[in-house]
$ cat input_27.txt   # compact mmCIF, C-alpha atoms and all ligand atoms
# COMPACT_ATOMS: atom_id res chain seq x y z
CA MET A 1 54.25 -125.61 -87.75
CA SER A 2 55.55 -122.11 -87.04
CA ILE A 3 53.68 -119.07 -85.79
CA LYS A 4 54.83 -117.11 -88.83
CA ASN A 5 53.43 -119.72 -91.19
CA ASN A 6 50.14 -119.93 -89.31
CA ILE A 7 49.68 -116.16 -89.50
CA LYS A 8 50.44 -116.29 -93.20
CA LYS A 9 47.97 -119.14 -93.70
CA PHE A 10 45.21 -117.16 -91.96
CA LYS A 11 46.00 -114.03 -93.95
CA GLU A 12 45.52 -116.09 -97.11
CA LYS A 13 42.28 -117.66 -95.83
CA LEU A 14 40.84 -114.26 -94.95
CA ALA A 15 41.98 -112.44 -98.09
CA GLY A 16 38.93 -111.31 -100.03
CA THR A 17 36.61 -111.63 -97.02
CA ASN A 18 35.45 -108.85 -94.71
CA CYS A 19 36.94 -110.73 -91.77
CA LYS A 20 40.02 -109.79 -89.73
CA LEU A 21 42.17 -112.04 -87.58
CA ILE A 22 42.64 -111.41 -83.87
CA ALA A 23 45.50 -113.63 -82.69
CA VAL A 24 44.70 -114.80 -79.16
CA SER A 25 48.02 -114.79 -77.34
CA LYS A 26 46.81 -115.53 -73.79
CA THR A 27 49.29 -117.62 -71.76
CA LYS A 28 51.88 -117.29 -74.56
CA PRO A 29 55.21 -115.51 -74.05
CA VAL A 30 56.13 -112.16 -75.59
CA SER A 31 58.55 -114.00 -77.89
CA ALA A 32 55.59 -115.78 -79.51
CA ILE A 33 53.82 -112.45 -80.03
CA MET A 34 56.97 -110.95 -81.53
CA GLU A 35 57.19 -113.81 -84.02
CA ALA A 36 53.73 -112.89 -85.28
CA TYR A 37 54.44 -109.14 -85.04
CA ASP A 38 57.52 -109.53 -87.23
CA THR A 39 55.27 -110.57 -90.13
CA GLY A 40 53.59 -107.15 -89.87
CA PHE A 41 50.69 -108.43 -87.83
CA LYS A 42 49.39 -106.20 -85.00
CA ASP A 43 46.08 -107.42 -83.48
CA PHE A 44 46.36 -109.57 -80.36
CA GLY A 45 43.72 -110.80 -77.93
CA GLU A 46 44.16 -111.39 -74.20
CA ASN A 47 41.68 -112.46 -71.55
CA LYS A 48 43.41 -111.32 -68.36
CA VAL A 49 44.05 -107.71 -67.39
CA GLN A 50 47.38 -108.24 -65.64
CA GLU A 51 48.76 -110.28 -68.52
CA MET A 52 47.68 -107.66 -71.06
CA VAL A 53 49.17 -104.82 -69.00
CA ASP A 54 52.49 -106.66 -68.64
CA LYS A 55 52.69 -107.54 -72.32
CA HIS A 56 51.68 -104.02 -73.33
CA SER A 57 54.56 -102.59 -71.31
CA GLU A 58 57.11 -104.96 -72.87
CA LEU A 59 55.99 -104.95 -76.50
CA PRO A 60 55.87 -102.36 -79.32
CA GLU A 61 53.50 -99.42 -78.83
CA ASP A 62 51.68 -99.93 -82.12
CA ILE A 63 50.16 -103.30 -81.16
CA HIS A 64 46.35 -103.27 -80.97
CA TRP A 65 45.31 -104.98 -77.73
CA HIS A 66 41.90 -106.69 -77.73
CA MET A 67 40.33 -107.63 -74.39
CA ILE A 68 38.32 -110.78 -75.05
CA GLY A 69 37.83 -112.23 -71.55
CA HIS A 70 35.40 -111.51 -68.74
CA LEU A 71 36.42 -108.12 -67.36
CA GLN A 72 36.01 -107.06 -63.73
CA ARG A 73 34.96 -103.47 -63.17
CA ASN A 74 37.73 -102.71 -60.70
CA LYS A 75 40.34 -103.62 -63.34
CA VAL A 76 39.08 -101.51 -66.23
CA LYS A 77 41.30 -98.61 -65.14
CA TYR A 78 44.49 -100.58 -65.90
CA ILE A 79 43.69 -101.12 -69.58
CA ALA A 80 41.61 -98.00 -70.26
CA PRO A 81 44.59 -95.88 -71.40
CA PHE A 82 45.58 -98.19 -74.25
CA VAL A 83 43.06 -100.98 -75.00
CA HIS A 84 42.06 -101.04 -78.69
CA LEU A 85 38.73 -102.87 -78.38
CA ILE A 86 36.90 -104.53 -75.49
CA HIS A 87 35.01 -107.50 -76.97
CA SER A 88 33.52 -108.73 -73.70
CA VAL A 89 31.14 -106.09 -72.35
CA ASP A 90 28.58 -108.26 -70.58
CA SER A 91 26.81 -105.86 -68.20
CA PHE A 92 25.57 -102.31 -67.98
CA ARG A 93 27.60 -101.73 -64.82
CA LEU A 94 30.76 -102.71 -66.67
CA LEU A 95 29.92 -100.41 -69.57
CA LYS A 96 29.38 -97.52 -67.13
CA GLU A 97 32.80 -98.12 -65.62
CA ILE A 98 34.43 -98.22 -69.08
CA ASN A 99 32.71 -94.93 -69.91
CA LYS A 100 34.01 -93.41 -66.68
CA GLN A 101 37.57 -94.57 -67.36
CA GLY A 102 37.28 -93.37 -70.95
CA GLU A 103 36.44 -89.92 -69.62
CA LYS A 104 39.39 -89.98 -67.21
CA ASN A 105 41.71 -90.88 -70.07
CA ASP A 106 40.13 -88.36 -72.41
CA ARG A 107 39.25 -91.00 -75.00
CA VAL A 108 36.35 -92.91 -76.48
CA ILE A 109 36.84 -96.63 -75.80
CA PRO A 110 35.56 -98.94 -78.56
CA CYS A 111 33.47 -101.82 -77.20
CA LEU A 112 31.52 -104.85 -78.36
CA LEU A 113 28.53 -106.09 -76.41
CA GLN A 114 28.89 -109.77 -75.65
CA MET A 115 25.76 -111.73 -76.37
CA HIS A 116 25.04 -115.09 -74.77
CA ILE A 117 24.41 -117.41 -77.72
CA ALA A 118 25.66 -120.77 -76.40
CA GLU A 119 23.69 -123.42 -74.59
CA GLU A 120 26.28 -123.58 -71.83
CA GLU A 121 25.26 -121.54 -68.80
CA THR A 122 28.89 -120.96 -67.94
CA LYS A 123 29.51 -118.55 -70.76
CA PHE A 124 29.08 -114.85 -70.14
CA GLY A 125 26.96 -112.47 -72.12
CA LEU A 126 23.70 -110.57 -72.40
CA SER A 127 20.48 -111.95 -73.80
CA LYS A 128 19.01 -110.14 -76.78
CA ASP A 129 16.38 -108.52 -74.54
CA GLU A 130 19.01 -107.33 -72.08
CA LEU A 131 21.04 -105.94 -74.95
CA ILE A 132 18.13 -103.97 -76.37
CA ASP A 133 17.11 -102.74 -72.89
CA LEU A 134 20.64 -101.51 -72.34
CA ILE A 135 20.84 -99.44 -75.50
CA ASN A 136 17.38 -98.00 -74.86
CA THR A 137 18.27 -96.48 -71.49
CA GLU A 138 18.74 -92.73 -71.19
CA GLU A 139 21.93 -93.35 -69.27
CA PHE A 140 23.42 -95.25 -72.21
CA LYS A 141 22.41 -92.51 -74.62
CA ASN A 142 24.31 -89.99 -72.51
CA MET A 143 27.58 -91.90 -72.53
CA ASN A 144 30.23 -90.02 -74.49
CA HIS A 145 33.34 -92.07 -73.78
CA ILE A 146 32.38 -95.46 -75.17
CA LYS A 147 31.37 -96.47 -78.68
CA ILE A 148 29.53 -99.72 -79.36
CA LYS A 149 31.21 -101.08 -82.49
CA GLY A 150 29.28 -104.34 -82.65
CA LEU A 151 28.68 -107.68 -80.96
CA MET A 152 30.73 -110.63 -79.74
CA GLY A 153 29.60 -114.17 -79.11
CA MET A 154 30.93 -117.63 -78.32
CA ALA A 155 29.15 -120.66 -79.70
CA THR A 156 28.56 -123.86 -77.77
CA ASN A 157 31.59 -126.11 -77.60
CA THR A 158 30.15 -129.06 -79.51
CA ASP A 159 30.57 -131.28 -82.57
CA ASP A 160 27.05 -130.30 -83.61
CA LEU A 161 27.99 -127.95 -86.43
CA GLN A 162 24.37 -127.12 -87.15
CA LEU A 163 23.93 -125.82 -83.60
CA VAL A 164 27.07 -123.69 -83.90
CA GLN A 165 25.87 -122.33 -87.22
CA ASP A 166 22.45 -121.47 -85.79
CA GLU A 167 24.03 -119.67 -82.85
CA PHE A 168 26.24 -117.58 -85.15
CA LYS A 169 23.21 -116.82 -87.34
CA GLY A 170 21.36 -115.59 -84.26
CA LEU A 171 24.20 -113.24 -83.39
CA ARG A 172 24.29 -111.92 -86.94
CA THR A 173 20.51 -111.33 -86.92
CA THR A 174 20.72 -109.34 -83.67
CA PHE A 175 23.64 -107.36 -85.11
CA GLU A 176 21.60 -106.44 -88.20
CA ASP A 177 18.58 -105.55 -86.08
CA ILE A 178 20.55 -103.12 -83.92
CA LYS A 179 22.42 -101.70 -86.91
CA THR A 180 19.15 -100.98 -88.72
CA ASN A 181 16.91 -99.89 -85.86
CA TYR A 182 19.04 -98.18 -83.23
CA GLN A 183 20.98 -95.16 -84.28
CA HIS A 184 22.70 -92.68 -82.05
CA HIS A 185 26.12 -91.29 -81.32
CA SER A 186 27.31 -94.14 -79.09
CA ILE A 187 26.50 -96.88 -81.59
CA ASP A 188 28.44 -97.58 -84.76
CA MET A 189 27.73 -101.19 -85.68
CA GLN A 190 30.63 -102.57 -87.74
CA GLU A 191 31.95 -105.73 -86.14
CA ILE A 192 30.71 -109.22 -85.40
CA SER A 193 33.38 -110.95 -83.35
CA MET A 194 32.70 -114.68 -83.63
CA GLY A 195 34.71 -117.79 -84.40
CA MET A 196 37.67 -119.46 -82.66
CA SER A 197 40.14 -122.20 -83.69
CA GLY A 198 37.43 -124.87 -83.73
CA ASP A 199 34.65 -122.98 -85.50
CA TYR A 200 36.07 -120.01 -87.39
CA GLU A 201 35.15 -121.45 -90.80
CA ILE A 202 31.46 -121.56 -89.90
CA ALA A 203 31.73 -118.09 -88.37
CA ILE A 204 33.19 -116.63 -91.57
CA THR A 205 30.37 -118.18 -93.60
CA GLU A 206 27.89 -116.55 -91.21
CA GLY A 207 29.38 -113.09 -91.60
CA SER A 208 32.03 -112.80 -88.90
CA THR A 209 34.21 -109.70 -89.21
CA MET A 210 36.66 -110.79 -86.48
CA VAL A 211 37.78 -114.32 -85.71
CA ARG A 212 39.59 -114.77 -82.39
CA VAL A 213 42.07 -117.56 -83.01
CA GLY A 214 44.49 -118.83 -80.39
CA SER A 215 45.60 -122.45 -80.49
CA ALA A 216 45.46 -122.75 -84.30
CA ILE A 217 48.15 -120.04 -84.43
CA PHE A 218 50.22 -120.41 -81.27
CA GLY A 219 49.67 -124.09 -80.51
CA ALA A 220 47.91 -125.66 -77.54
CA ARG A 221 47.91 -123.74 -74.27
CA ASN A 222 49.45 -125.08 -71.10
CA TYR A 223 47.65 -123.78 -68.01
CA ASN A 224 50.01 -125.13 -65.34
C1 LIG A 301 40.81 -118.37 -75.64
C2 LIG A 301 39.76 -117.66 -76.38
C3 LIG A 301 39.71 -117.70 -77.78
C4 LIG A 301 40.66 -118.51 -78.64
O1 LIG A 301 40.46 -119.89 -78.44
P1 LIG A 301 41.15 -120.97 -79.40
O2 LIG A 301 40.23 -122.13 -79.31
O3 LIG A 301 42.49 -121.23 -78.83
O4 LIG A 301 41.23 -120.38 -80.75
C5 LIG A 301 38.73 -116.96 -78.42
N1 LIG A 301 37.83 -116.23 -77.73
C6 LIG A 301 37.85 -116.15 -76.38
C7 LIG A 301 36.83 -115.32 -75.69
C8 LIG A 301 38.81 -116.87 -75.66
O5 LIG A 301 38.81 -116.81 -74.33
$ encode --input "input_27.txt" --output "structure tokens"
Amino acid sequence: MSIKNNIKKFKEKLAGTNCKLIAVSKTKPVSAIMEAYDTGFKDFGENKVQEMVDKHSELPEDIHWHMIGHLQRNKVKYIAPFVHLIHSVDSFRLLKEINKQGEKNDRVIPCLLQMHIAEEETKFGLSKDELIDLINTEEFKNMNHIKIKGLMGMATNTDDLQLVQDEFKGLRTTFEDIKTNYQHHSIDMQEISMGMSGDYEIAITEGSTMVRVGSAIFGARNYN
């Protein structure tokens, strides 16, 4: 197993689909990222602000950095100048802060709203009602420095493949609903970020446009 070969394998798997790979490099050294980068691959996901900032400063400028983890409002300012896509927008207060930092940096920051689709309470995300309420507020409609590019979700961590499939289907249905029924300048529904090492195949079948794959590319993580 090499990182290069794993990237190549995923490129082949995804060829002919509408799905892109986000290589989740959290806890992995910059050398591992460079091994993937050297194949021409540029989209990496991190879940901690400090780690992303450090890696961003050490690695090539043309890498697209995806924030996939729970994001604290007081840390948005550190990634706002360069982050490519924030997958994990799970509250209106967070979105407001991203908009504010987007304005300070004179840019529009692409975001996904994270929807809670799993049975586990521990996972972050908005319910469908909360999501719709958010995009219906006047305050949201006046935001000019964020763009909602789609939705992100994490399925329940289970062997019950039917449950995982149903959860991904639910995310897709909400995506289609918003895409069809809610149109204004801060919404441009393109992406459904769903699927990880253990469930990306189901996610692709259910219409994922971004799979976030870590261990199946970089190997198991060591959190010590
Ligand atoms: C860590 C992580 C992943 C990747 O997990 P793997 O099982 O290693 O593929 C995907 N999405 C999020 C939000 C993560 O935190």
$ residues_around --input "input_27.txt" --residues "Lys169 of chain A" --least-positions-apart "6" --cutoff "12 Å" --atoms "all atoms listed in the file" --output "PDB file with C-alpha atoms, keeping the file's coordinate frame"
ATOM      1  CA  ILE A 117      24.410-117.410 -77.720  1.00  0.00           C
ATOM      2  CA  ALA A 118      25.660-120.770 -76.400  1.00  0.00           C
ATOM      3  CA  GLY A 153      29.600-114.170 -79.110  1.00  0.00           C
ATOM      4  CA  MET A 154      30.930-117.630 -78.320  1.00  0.00           C
ATOM      5  CA  ALA A 155      29.150-120.660 -79.700  1.00  0.00           C
ATOM      6  CA  GLN A 162      24.370-127.120 -87.150  1.00  0.00           C
ATOM      7  CA  LEU A 163      23.930-125.820 -83.600  1.00  0.00           C
ATOM      8  CA  PHE A 175      23.640-107.360 -85.110  1.00  0.00           C
ATOM      9  CA  GLU A 176      21.600-106.440 -88.200  1.00  0.00           C
ATOM     10  CA  ILE A 192      30.710-109.220 -85.400  1.00  0.00           C
ATOM     11  CA  MET A 194      32.700-114.680 -83.630  1.00  0.00           C
ATOM     12  CA  GLY A 195      34.710-117.790 -84.400  1.00  0.00           C
ATOM     13  CA  ILE A 202      31.460-121.560 -89.900  1.00  0.00           C
ATOM     14  CA  ALA A 203      31.730-118.090 -88.370  1.00  0.00           C
ATOM     15  CA  ILE A 204      33.190-116.630 -91.570  1.00  0.00           C
ATOM     16  CA  THR A 205      30.370-118.180 -93.600  1.00  0.00           C
ATOM     17  CA  GLU A 206      27.890-116.550 -91.210  1.00  0.00           C
ATOM     18  CA  GLY A 207      29.380-113.090 -91.600  1.00  0.00           C
ATOM     19  CA  SER A 208      32.030-112.800 -88.900  1.00  0.00           C
TER      20      SER A 208
END
$ residues_near_ligand --input "input_27.txt" --ligand "ligand LIG 301 (chain A)" --cutoff "10 Å" --atoms "only C-alpha atoms and all ligand atoms" --output "PDB file with C-alpha atoms, in the coordinates of the input"
ATOM      1  CA  ILE A  22      42.640-111.410 -83.870  1.00  0.00           C
ATOM      2  CA  ALA A  23      45.500-113.630 -82.690  1.00  0.00           C
ATOM      3  CA  VAL A  24      44.700-114.800 -79.160  1.00  0.00           C
ATOM      4  CA  SER A  25      48.020-114.790 -77.340  1.00  0.00           C
ATOM      5  CA  LYS A  26      46.810-115.530 -73.790  1.00  0.00           C
ATOM      6  CA  THR A  27      49.290-117.620 -71.760  1.00  0.00           C
ATOM      7  CA  GLY A  45      43.720-110.800 -77.930  1.00  0.00           C
ATOM      8  CA  GLU A  46      44.160-111.390 -74.200  1.00  0.00           C
ATOM      9  CA  ASN A  47      41.680-112.460 -71.550  1.00  0.00           C
ATOM     10  CA  LYS A  48      43.410-111.320 -68.360  1.00  0.00           C
ATOM     11  CA  MET A  67      40.330-107.630 -74.390  1.00  0.00           C
ATOM     12  CA  ILE A  68      38.320-110.780 -75.050  1.00  0.00           C
ATOM     13  CA  GLY A  69      37.830-112.230 -71.550  1.00  0.00           C
ATOM     14  CA  HIS A  70      35.400-111.510 -68.740  1.00  0.00           C
ATOM     15  CA  HIS A  87      35.010-107.500 -76.970  1.00  0.00           C
ATOM     16  CA  SER A  88      33.520-108.730 -73.700  1.00  0.00           C
ATOM     17  CA  GLN A 114      28.890-109.770 -75.650  1.00  0.00           C
ATOM     18  CA  LYS A 123      29.510-118.550 -70.760  1.00  0.00           C
ATOM     19  CA  PHE A 124      29.080-114.850 -70.140  1.00  0.00           C
ATOM     20  CA  MET A 152      30.730-110.630 -79.740  1.00  0.00           C
ATOM     21  CA  GLY A 153      29.600-114.170 -79.110  1.00  0.00           C
ATOM     22  CA  MET A 154      30.930-117.630 -78.320  1.00  0.00           C
ATOM     23  CA  ALA A 155      29.150-120.660 -79.700  1.00  0.00           C
ATOM     24  CA  ASN A 157      31.590-126.110 -77.600  1.00  0.00           C
ATOM     25  CA  SER A 193      33.380-110.950 -83.350  1.00  0.00           C
ATOM     26  CA  MET A 194      32.700-114.680 -83.630  1.00  0.00           C
ATOM     27  CA  GLY A 195      34.710-117.790 -84.400  1.00  0.00           C
ATOM     28  CA  MET A 196      37.670-119.460 -82.660  1.00  0.00           C
ATOM     29  CA  SER A 197      40.140-122.200 -83.690  1.00  0.00           C
ATOM     30  CA  GLY A 198      37.430-124.870 -83.730  1.00  0.00           C
ATOM     31  CA  ASP A 199      34.650-122.980 -85.500  1.00  0.00           C
ATOM     32  CA  TYR A 200      36.070-120.010 -87.390  1.00  0.00           C
ATOM     33  CA  VAL A 211      37.780-114.320 -85.710  1.00  0.00           C
ATOM     34  CA  ARG A 212      39.590-114.770 -82.390  1.00  0.00           C
ATOM     35  CA  VAL A 213      42.070-117.560 -83.010  1.00  0.00           C
ATOM     36  CA  GLY A 214      44.490-118.830 -80.390  1.00  0.00           C
ATOM     37  CA  SER A 215      45.600-122.450 -80.490  1.00  0.00           C
ATOM     38  CA  ALA A 216      45.460-122.750 -84.300  1.00  0.00           C
ATOM     39  CA  ILE A 217      48.150-120.040 -84.430  1.00  0.00           C
ATOM     40  CA  PHE A 218      50.220-120.410 -81.270  1.00  0.00           C
ATOM     41  CA  GLY A 219      49.670-124.090 -80.510  1.00  0.00           C
ATOM     42  CA  ALA A 220      47.910-125.660 -77.540  1.00  0.00           C
ATOM     43  CA  ARG A 221      47.910-123.740 -74.270  1.00  0.00           C
TER      44      ARG A 221
END
$ closest_residue --input "input_27.txt" --among "A:His116, A:His185, A:Lys55, A:Arg93" --to "Leu71 of chain A" --atoms "only C-alpha atoms"
A:Arg93
$ closest_residue --input "input_27.txt" --among "A:Ser91, A:Leu151, A:Met52, A:Lys100" --to "Asp133 of chain A" --atoms "all atoms listed in the file"
A:Ser91
$ atom_distance --input "input_27.txt" --atom1 "atom CA of His56 of chain A" --atom2 "atom CA of Asn6 of chain A"
22.6 Å
$ residues_near_point --input "input_27.txt" --point "(30.3, -100.8, -83.2)" --cutoff "6 Å" --atoms "all atoms listed in the file" --output "compact mmCIF listing (two decimals) with C-alpha atoms, keeping the file's coordinate frame"
# COMPACT_ATOMS: atom_id res chain seq x y z
CA ILE A 148 29.53 -99.72 -79.36
CA LYS A 149 31.21 -101.08 -82.49
CA GLY A 150 29.28 -104.34 -82.65
CA ILE A 187 26.50 -96.88 -81.59
CA ASP A 188 28.44 -97.58 -84.76
CA MET A 189 27.73 -101.19 -85.68
CA GLN A 190 30.63 -102.57 -87.74
CA GLU A 191 31.95 -105.73 -86.14
$ residues_around --input "input_27.txt" --residues "Glu138 of chain A" --least-positions-apart "5" --cutoff "12 Å" --atoms "only C-alpha atoms" --output "PyMOL selection string"
chain A and resi 133+143+184+186
$ closest_residue --input "input_27.txt" --among "A:His64, A:His84, A:His145, A:Lys28" --to "Glu97 of chain A" --atoms "all atoms listed in the file"
A:His145
$ decode --input "input_27.txt" --residues "segment 168-199 of chain A" --atoms "N, CA and C atoms" --output "PDB file, in the first residue's frame"
ATOM      1  N   PHE A 168     -28.100   8.721   3.736  1.00  0.00           N
ATOM      2  CA  PHE A 168     -27.575   9.437   2.564  1.00  0.00           C
ATOM      3  C   PHE A 168     -28.705   9.873   1.632  1.00  0.00           C
ATOM      4  N   LYS A 169     -29.690   9.023   1.465  1.00  0.00           N
ATOM      5  CA  LYS A 169     -30.864   9.366   0.634  1.00  0.00           C
ATOM      6  C   LYS A 169     -31.566  10.607   1.188  1.00  0.00           C
ATOM      7  N   GLY A 170     -31.690  10.661   2.513  1.00  0.00           N
ATOM      8  CA  GLY A 170     -32.333  11.802   3.168  1.00  0.00           C
ATOM      9  C   GLY A 170     -31.574  13.091   2.895  1.00  0.00           C
ATOM     10  N   LEU A 171     -30.266  13.008   2.923  1.00  0.00           N
ATOM     11  CA  LEU A 171     -29.441  14.192   2.659  1.00  0.00           C
ATOM     12  C   LEU A 171     -29.628  14.655   1.215  1.00  0.00           C
ATOM     13  N   ARG A 172     -29.629  13.682   0.319  1.00  0.00           N
ATOM     14  CA  ARG A 172     -29.824  13.982  -1.099  1.00  0.00           C
ATOM     15  C   ARG A 172     -31.192  14.634  -1.355  1.00  0.00           C
ATOM     16  N   THR A 173     -32.225  14.125  -0.685  1.00  0.00           N
ATOM     17  CA  THR A 173     -33.574  14.669  -0.858  1.00  0.00           C
ATOM     18  C   THR A 173     -33.631  16.127  -0.392  1.00  0.00           C
ATOM     19  N   THR A 174     -33.009  16.404   0.763  1.00  0.00           N
ATOM     20  CA  THR A 174     -32.986  17.780   1.266  1.00  0.00           C
ATOM     21  C   THR A 174     -32.207  18.678   0.310  1.00  0.00           C
ATOM     22  N   PHE A 175     -31.089  18.162  -0.199  1.00  0.00           N
ATOM     23  CA  PHE A 175     -30.299  18.908  -1.195  1.00  0.00           C
ATOM     24  C   PHE A 175     -31.174  19.301  -2.393  1.00  0.00           C
ATOM     25  N   GLU A 176     -31.892  18.332  -2.929  1.00  0.00           N
ATOM     26  CA  GLU A 176     -32.727  18.585  -4.121  1.00  0.00           C
ATOM     27  C   GLU A 176     -33.836  19.592  -3.800  1.00  0.00           C
ATOM     28  N   ASP A 177     -34.396  19.461  -2.605  1.00  0.00           N
ATOM     29  CA  ASP A 177     -35.468  20.366  -2.182  1.00  0.00           C
ATOM     30  C   ASP A 177     -34.957  21.818  -2.157  1.00  0.00           C
ATOM     31  N   ILE A 178     -33.812  22.019  -1.530  1.00  0.00           N
ATOM     32  CA  ILE A 178     -33.275  23.383  -1.443  1.00  0.00           C
ATOM     33  C   ILE A 178     -32.891  23.894  -2.830  1.00  0.00           C
ATOM     34  N   LYS A 179     -32.256  23.028  -3.606  1.00  0.00           N
ATOM     35  CA  LYS A 179     -31.826  23.415  -4.956  1.00  0.00           C
ATOM     36  C   LYS A 179     -33.030  23.870  -5.797  1.00  0.00           C
ATOM     37  N   THR A 180     -34.134  23.167  -5.663  1.00  0.00           N
ATOM     38  CA  THR A 180     -35.304  23.470  -6.486  1.00  0.00           C
ATOM     39  C   THR A 180     -36.101  24.659  -5.951  1.00  0.00           C
ATOM     40  N   ASN A 181     -36.204  24.763  -4.631  1.00  0.00           N
ATOM     41  CA  ASN A 181     -37.185  25.697  -4.056  1.00  0.00           C
ATOM     42  C   ASN A 181     -36.618  26.970  -3.434  1.00  0.00           C
ATOM     43  N   TYR A 182     -35.324  27.052  -3.278  1.00  0.00           N
ATOM     44  CA  TYR A 182     -34.764  28.237  -2.609  1.00  0.00           C
ATOM     45  C   TYR A 182     -33.681  28.847  -3.485  1.00  0.00           C
ATOM     46  N   GLN A 183     -34.015  29.922  -4.144  1.00  0.00           N
ATOM     47  CA  GLN A 183     -33.017  30.514  -5.019  1.00  0.00           C
ATOM     48  C   GLN A 183     -32.721  31.957  -4.653  1.00  0.00           C
ATOM     49  N   HIS A 184     -31.512  32.224  -4.245  1.00  0.00           N
ATOM     50  CA  HIS A 184     -31.064  33.607  -4.202  1.00  0.00           C
ATOM     51  C   HIS A 184     -29.547  33.661  -4.232  1.00  0.00           C
ATOM     52  N   HIS A 185     -29.012  34.869  -4.164  1.00  0.00           N
ATOM     53  CA  HIS A 185     -27.602  35.050  -4.518  1.00  0.00           C
ATOM     54  C   HIS A 185     -26.610  34.335  -3.604  1.00  0.00           C
ATOM     55  N   SER A 186     -27.035  33.975  -2.387  1.00  0.00           N
ATOM     56  CA  SER A 186     -26.097  33.289  -1.490  1.00  0.00           C
ATOM     57  C   SER A 186     -26.207  31.771  -1.539  1.00  0.00           C
ATOM     58  N   ILE A 187     -27.022  31.267  -2.443  1.00  0.00           N
ATOM     59  CA  ILE A 187     -27.172  29.810  -2.562  1.00  0.00           C
ATOM     60  C   ILE A 187     -26.853  29.370  -3.988  1.00  0.00           C
ATOM     61  N   ASP A 188     -25.967  28.403  -4.094  1.00  0.00           N
ATOM     62  CA  ASP A 188     -25.642  27.825  -5.400  1.00  0.00           C
ATOM     63  C   ASP A 188     -25.396  26.333  -5.166  1.00  0.00           C
ATOM     64  N   MET A 189     -26.491  25.576  -5.119  1.00  0.00           N
ATOM     65  CA  MET A 189     -26.409  24.174  -4.694  1.00  0.00           C
ATOM     66  C   MET A 189     -25.750  23.298  -5.762  1.00  0.00           C
ATOM     67  N   GLN A 190     -24.540  22.821  -5.437  1.00  0.00           N
ATOM     68  CA  GLN A 190     -23.775  21.981  -6.362  1.00  0.00           C
ATOM     69  C   GLN A 190     -23.279  20.697  -5.709  1.00  0.00           C
ATOM     70  N   GLU A 191     -22.968  20.776  -4.416  1.00  0.00           N
ATOM     71  CA  GLU A 191     -22.215  19.681  -3.800  1.00  0.00           C
ATOM     72  C   GLU A 191     -22.992  18.962  -2.696  1.00  0.00           C
ATOM     73  N   ILE A 192     -22.845  17.638  -2.699  1.00  0.00           N
ATOM     74  CA  ILE A 192     -23.300  16.823  -1.572  1.00  0.00           C
ATOM     75  C   ILE A 192     -22.069  16.087  -1.060  1.00  0.00           C
ATOM     76  N   SER A 193     -21.569  16.546   0.081  1.00  0.00           N
ATOM     77  CA  SER A 193     -20.364  15.961   0.658  1.00  0.00           C
ATOM     78  C   SER A 193     -20.780  14.842   1.601  1.00  0.00           C
ATOM     79  N   MET A 194     -20.671  13.612   1.134  1.00  0.00           N
ATOM     80  CA  MET A 194     -21.019  12.463   1.987  1.00  0.00           C
ATOM     81  C   MET A 194     -20.207  11.252   1.551  1.00  0.00           C
ATOM     82  N   GLY A 195     -19.864  10.431   2.547  1.00  0.00           N
ATOM     83  CA  GLY A 195     -19.075   9.228   2.293  1.00  0.00           C
ATOM     84  C   GLY A 195     -17.664   9.365   2.833  1.00  0.00           C
ATOM     85  N   MET A 196     -17.236   8.345   3.604  1.00  0.00           N
ATOM     86  CA  MET A 196     -15.896   8.283   4.175  1.00  0.00           C
ATOM     87  C   MET A 196     -15.312   6.905   3.826  1.00  0.00           C
ATOM     88  N   SER A 197     -14.181   6.550   4.416  1.00  0.00           N
ATOM     89  CA  SER A 197     -13.536   5.277   4.040  1.00  0.00           C
ATOM     90  C   SER A 197     -14.491   4.090   4.126  1.00  0.00           C
ATOM     91  N   GLY A 198     -15.339   4.078   5.169  1.00  0.00           N
ATOM     92  CA  GLY A 198     -16.182   2.912   5.405  1.00  0.00           C
ATOM     93  C   GLY A 198     -17.474   2.883   4.603  1.00  0.00           C
ATOM     94  N   ASP A 199     -17.876   4.018   4.033  1.00  0.00           N
ATOM     95  CA  ASP A 199     -19.197   4.041   3.384  1.00  0.00           C
ATOM     96  C   ASP A 199     -19.240   4.833   2.078  1.00  0.00           C
TER      97      ASP A 199
END
